[in-house]
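A quick write-up on the structure given underneath.
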Amino acid sequence: MREINESRFTLPLVIVSGIPAGDSGTGRLVAHLQERIFELAGKRIKLVSRPERPALWQIQLWLRNKAYRNCMRELLRYILLLARFWYGLSCVWVNNNHKLILLHPQNLGYRLALQLLESRKHASLIYLLDSSFFCIASYNHLKGDNSSCLRCIEHGFDQVAKNECKPFPLLDWTALKFAPRLLELVGSGRVNVAAQSRRQAELAQRHFGLKDLPRVIGLWTQDWDELFSEWVNLSSNTVPTAYSWDVLFHGHCVDAKGASWTAKVAELSPEIRFMFPFSKPDWFAAPANCSFRPCTWESGLYDEIKKSRFVIVPSLWSAPIEGALVKSIVCANAVVVVDNRTSFCDELPEGVVLKLSADPMTGAEELKRACASNWSPNTDVRAQWINEFALKKINFVSDLIEAALVVQ
């Protein structure tokens with residue numbers, strides 16, 4: 001792991017995240033940061049994370065079952081975590097000499113995120129996790145489209161009202177002010193950006209009008225440690241004699257992640273069996289050849305992936321490095337994506353994944369041919385990509401810290 005050359009840095013540094021360490025994709029990233037920053041810089045780097053709110057359904061279930069102790073215990077735990085968060089944040093405000101790395105402003109709160117960025121004496125760094133730096137919906141995709149939406153980059157933020165876009169994942173309307181103000185802060189040099197992937201960096205350069213491409217940091221999350229360790233054991237990648245599913249959708253039930261698109265492809269491919277790892281929502285239209293079996297990575301999804309002919313990760317937004325795609329490339333027999341020139345999948349070498357047309361009818365025909373020919377990735381190219389990607393872990397955190405602290 002790369003050592004930190006202290007003479008090149010301005011200390012101290014604080015990392016503020018809208019999501020705490022946990023089981024979500026960003027949560028696993030924060031968990032990895034927690035593990036690595038101490039060994040790199042000890043207590044000189046602070047990590048302040050907003051706690052996750054208690055699940056409303058869980059509280060309601062406890063109240064319905066008169067489990068009042070469980071309810072009070074969970075609420076008290078949340079209050080204590082929230083108090084610790086605000087105490088940590090107050091320490092950041094008191095010392096505006098701290099350099100700042102900001103993660104996930106949506107959950108942090110856009111107003112609070114801007115206040116933090118504007119309060120710093122030194123340039124802050126936003127590490128881009130999604131498209132919230134220019135899209136109030138975070139996933140830059142419009143319902144009914146089969147591609148990523150770049151309207152705000154191309155035509156300005158008045159496109160938000162024209163297309164009736166809503167903030168996501170939280171309905172925080174201060175998002176309308178965040179992206180335009182962030183554009184000003186980056187333009188004035190008060191905020192720098194770091195990207196996960198080159199395609200994301202290119203979008204940021206285009207949006208912010210930067211002379212140079214923003215620094216590409218990569219990504220690593222805590223759960224990938226075991227995943228890539230298992231890859232060393234090649235016997236774990238044996239192909240099953242019979243497949244449980246022809247195509248398994250790996251992702252959440254979100255249009256931007258291609259859930260509805262996949263259902264359209266399934267409707268045009270009645271002879272192909274599809275599986276979705278979530279309960280079927282009432283609004284979700286899907287034909288009879290689609291099965292719905294709720295499961296997570298830890299509760300059966302991993303096994304289902306190993307038993308499927310293809311795993312599809314068809315993001316229709318400008319997705320950077322998605323955990324679902326990385327995990328699928330490492331574990332699945334073959335991975336299918338939508339050909340998307342603004343997403344991380346466009347950076348993958350030919351032969352690692354099968355790229356389908358964004359048009360559902362054309363994509364369905366391409367998928368049928370892939371099933372008929374039993375398409376599989378190029379073994380050598382895939383192995384080389386996995387081994388090279390695994391090296392990102394070595395320098396990810398140190399590169400992120402360096403991007404924030406090196407005097408520019």
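Identifiers in the structure tokens: chain A, B, ... in order shown; residue index from 1 per chain; ligand index from 1 in order shown.
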Tell me which protein, DNA and RNA residues are within 12 Å of range 395-398 of chain A, counting only C-alpha atoms, leaving out same-chain ones fewer than 5 positions away, and put them as a PyMOL selection string. chain A and resi 1-6+9+15+29-41+45+101+127+194-196+215-222+389-390+403-406
Generate the output file for the selected residues, N, CA and C atoms, as a compact mmCIF listing (two decimals), in the first residue's frame.
# COMPACT_ATOMS: atom_id res chain seq x y z
N MET A 1 0.84 -1.20 0.00
CA MET A 1 0.00 0.00 0.00
C MET A 1 0.87 1.24 0.00
N ARG A 2 0.47 2.23 -0.78
CA ARG A 2 1.25 3.44 -0.92
C ARG A 2 1.34 4.19 0.41
N GLU A 3 2.54 4.65 0.77
CA GLU A 3 2.73 5.41 2.00
C GLU A 3 2.41 6.87 1.75
N ILE A 4 2.02 7.55 2.82
CA ILE A 4 1.71 8.97 2.72
C ILE A 4 2.95 9.78 3.01
N ASN A 5 3.30 10.65 2.10
CA ASN A 5 4.42 11.58 2.29
C ASN A 5 3.86 12.84 2.94
N GLU A 6 4.04 12.97 4.26
CA GLU A 6 3.39 14.02 5.02
C GLU A 6 3.81 15.42 4.58
N PHE A 9 1.32 17.27 2.33
CA PHE A 9 -0.06 17.38 2.72
C PHE A 9 -0.32 18.51 3.70
N ILE A 15 -13.53 13.45 6.64
CA ILE A 15 -14.40 12.86 5.63
C ILE A 15 -15.81 12.87 6.18
N LEU A 29 -18.44 0.93 1.09
CA LEU A 29 -17.32 1.81 0.80
C LEU A 29 -16.86 2.52 2.07
N VAL A 30 -17.80 3.06 2.85
CA VAL A 30 -17.46 3.75 4.09
C VAL A 30 -16.80 2.78 5.08
N ALA A 31 -17.28 1.54 5.10
CA ALA A 31 -16.67 0.54 5.98
C ALA A 31 -15.21 0.29 5.59
N HIS A 32 -14.95 0.26 4.29
CA HIS A 32 -13.58 0.08 3.83
C HIS A 32 -12.72 1.29 4.22
N LEU A 33 -13.28 2.50 4.09
CA LEU A 33 -12.55 3.69 4.49
C LEU A 33 -12.19 3.65 5.97
N GLN A 34 -13.14 3.22 6.80
CA GLN A 34 -12.89 3.14 8.24
C GLN A 34 -11.72 2.21 8.55
N GLU A 35 -11.65 1.11 7.83
CA GLU A 35 -10.59 0.14 8.08
C GLU A 35 -9.22 0.66 7.67
N ARG A 36 -9.17 1.47 6.59
CA ARG A 36 -7.88 1.83 6.00
C ARG A 36 -7.30 3.16 6.46
N ILE A 37 -8.17 4.12 6.80
CA ILE A 37 -7.63 5.46 7.07
C ILE A 37 -6.78 5.49 8.33
N PHE A 38 -7.09 4.65 9.32
CA PHE A 38 -6.30 4.69 10.56
C PHE A 38 -4.88 4.22 10.31
N GLU A 39 -4.73 3.15 9.53
CA GLU A 39 -3.39 2.65 9.28
C GLU A 39 -2.59 3.57 8.37
N LEU A 40 -3.28 4.41 7.62
CA LEU A 40 -2.59 5.35 6.74
C LEU A 40 -2.20 6.63 7.46
N ALA A 41 -3.09 7.13 8.32
CA ALA A 41 -2.84 8.44 8.93
C ALA A 41 -3.26 8.53 10.39
N ILE A 45 -7.06 11.79 10.53
CA ILE A 45 -8.18 11.84 9.58
C ILE A 45 -9.43 11.39 10.31
N ILE A 101 -13.45 15.99 2.60
CA ILE A 101 -13.90 15.09 1.53
C ILE A 101 -15.38 14.84 1.80
N TYR A 127 -16.02 13.37 -3.79
CA TYR A 127 -15.78 12.10 -4.47
C TYR A 127 -17.11 11.66 -5.07
N ALA A 194 -13.26 14.30 -7.64
CA ALA A 194 -12.54 13.07 -7.98
C ALA A 194 -13.57 12.05 -8.43
N ALA A 195 -13.24 11.28 -9.45
CA ALA A 195 -14.20 10.36 -10.07
C ALA A 195 -13.81 8.91 -9.83
N GLN A 196 -14.81 8.03 -9.97
CA GLN A 196 -14.56 6.60 -9.88
C GLN A 196 -13.96 6.05 -11.16
N ARG A 215 -9.32 13.87 -11.40
CA ARG A 215 -8.55 12.68 -11.01
C ARG A 215 -9.47 11.47 -10.91
N VAL A 216 -9.05 10.35 -11.48
CA VAL A 216 -9.80 9.10 -11.42
C VAL A 216 -9.22 8.26 -10.30
N ILE A 217 -10.04 8.02 -9.26
CA ILE A 217 -9.59 7.33 -8.05
C ILE A 217 -9.85 5.83 -8.09
N GLY A 218 -10.95 5.44 -8.77
CA GLY A 218 -11.37 4.05 -8.71
C GLY A 218 -12.35 3.85 -7.58
N LEU A 219 -12.51 2.62 -7.14
CA LEU A 219 -13.45 2.30 -6.06
C LEU A 219 -13.06 0.97 -5.44
N TRP A 220 -13.28 0.87 -4.13
CA TRP A 220 -13.17 -0.42 -3.45
C TRP A 220 -14.13 -0.43 -2.28
N THR A 221 -14.78 -1.56 -2.05
CA THR A 221 -15.70 -1.69 -0.93
C THR A 221 -15.32 -2.91 -0.09
N GLN A 222 -15.78 -2.89 1.16
CA GLN A 222 -15.35 -3.90 2.12
C GLN A 222 -15.64 -5.32 1.68
N PHE A 389 -8.10 -5.20 -11.83
CA PHE A 389 -9.05 -4.44 -11.03
C PHE A 389 -8.78 -4.64 -9.54
N ALA A 390 -8.39 -5.86 -9.17
CA ALA A 390 -8.12 -6.16 -7.75
C ALA A 390 -7.01 -5.28 -7.19
N ALA A 403 -5.74 13.11 -3.15
CA ALA A 403 -6.49 14.03 -3.99
C ALA A 403 -7.03 15.21 -3.20
N ALA A 404 -7.32 14.98 -1.92
CA ALA A 404 -7.87 16.04 -1.08
C ALA A 404 -6.80 16.88 -0.42
N LEU A 405 -5.66 16.28 -0.11
CA LEU A 405 -4.68 16.96 0.74
C LEU A 405 -3.48 17.56 0.02
N VAL A 406 -3.16 17.04 -1.13
CA VAL A 406 -2.00 17.58 -1.82
C VAL A 406 -2.24 19.04 -2.20
If we count only C-alpha atoms, what is near Asn96 in chain A at a cut-off of 6 Å, once residues fewer than 3 positions away on the same chain are taken out, given as number ranges by chain? A: 93, 120-121
Selection export as a PDB file, in the first residue's frame, atoms kept: C-alpha atoms:
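Written output follows (out.pdb):
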ATOM      1  CA  TRP A  93     -17.532  23.744  11.740  1.00  0.00           C
ATOM      2  CA  ARG A 120     -13.852  25.724   4.322  1.00  0.00           C
ATOM      3  CA  LYS A 121     -10.719  27.865   4.131  1.00  0.00           C
TER       4      LYS A 121
END
Range 304-358 of chain A: residues DSSP assigns to helix (DSSP H, G or I), reported as an MDAnalysis selection string: chainID A and resid 304:306 323:331 344:347
Those selected residues, please, written with C-alpha atoms and delivered as a CSV table (one decimal), in the first residue's frame.
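The result, stored in again-v2.csv:
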chain,number,residue,atom,x,y,z
A,304,GLU,CA,-28.5,-18.0,-7.9
A,305,ILE,CA,-25.9,-16.1,-9.9
A,306,LYS,CA,-23.6,-19.1,-10.0
A,323,GLY,CA,-20.9,-3.2,-7.2
A,324,ALA,CA,-23.5,-5.3,-9.0
A,325,LEU,CA,-21.4,-5.3,-12.2
A,326,VAL,CA,-18.1,-5.9,-10.5
A,327,LYS,CA,-19.5,-8.8,-8.4
A,328,SER,CA,-21.2,-10.3,-11.5
A,329,ILE,CA,-18.0,-10.2,-13.6
A,330,VAL,CA,-16.1,-12.0,-10.9
A,331,CYS,CA,-18.7,-14.6,-10.0
A,344,PHE,CA,-18.2,2.3,-16.7
A,345,CYS,CA,-19.2,-0.7,-18.9
A,346,ASP,CA,-17.9,1.2,-21.9
A,347,GLU,CA,-14.4,1.0,-20.4
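Atom to atom, CA of Tyr243 in chain A and CA of Leu356 in chain A stand 21.1 Å apart.
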Taking the chain letters and numbering used in this document, name the residues of range 335-407 of chain A that DSSP puts in strand (DSSP E or B), as a PyMOL selection string. chain A and resi 335-338+354-356+406
Could you pull the residues within 9 Å of Arg111 in chain A, counting only C-alpha atoms, minus those fewer than 6 positions along the same chain, as a PyMOL selection string? chain A and resi 105+174-175+177-178
For the selection you just gave me, I'd like the residues written to a file as a PDB file, in the first residue's frame, keeping C-alpha atoms.
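Below is the file part.pdb, written as the result:
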ATOM      1  CA  PRO A 105     -24.697  14.829  -0.284  1.00  0.00           C
ATOM      2  CA  THR A 174     -32.917  21.849  -2.113  1.00  0.00           C
ATOM      3  CA  ALA A 175     -31.349  19.630  -4.771  1.00  0.00           C
ATOM      4  CA  LYS A 177     -29.995  24.696  -5.675  1.00  0.00           C
ATOM      5  CA  PHE A 178     -27.211  22.205  -5.018  1.00  0.00           C
TER       6      PHE A 178
END
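Relative to CA of Pro214 in chain A, CA of Asp130 in chain A is found at 14.8 Å.
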Could you please determine the separation between CA of Leu354 in chain A and CA of Ser24 in chain A in Å, to one decimal place?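 Between CA of Leu354 in chain A and CA of Ser24 in chain A the gap works out to 26.5 Å.
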What lies within 10 Å of Arg84 in chain A using only C-alpha atoms, ignoring chain neighbours under 4 positions off, as an mmCIF file with C-alpha atoms, in the first residue's frame?
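Result file out.cif:
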data_model
loop_
_atom_site.group_PDB
_atom_site.id
_atom_site.type_symbol
_atom_site.label_atom_id
_atom_site.label_comp_id
_atom_site.auth_asym_id
_atom_site.auth_seq_id
_atom_site.Cartn_x
_atom_site.Cartn_y
_atom_site.Cartn_z
ATOM 1 C CA VAL A 48 -18.128 11.619 10.317
ATOM 2 C CA SER A 49 -21.150 9.714 8.976
ATOM 3 C CA ARG A 50 -24.809 10.548 9.246
ATOM 4 C CA PRO A 51 -26.573 7.552 10.857
ATOM 5 C CA TYR A 78 -30.509 6.239 16.740
ATOM 6 C CA ILE A 79 -30.678 9.313 19.000
ATOM 7 C CA LEU A 80 -27.225 8.524 20.410
ATOM 8 C CA GLY A 88 -18.535 15.502 15.118
ATOM 9 C CA LEU A 89 -19.982 17.923 12.610
ATOM 10 C CA SER A 90 -19.847 20.819 15.094
#
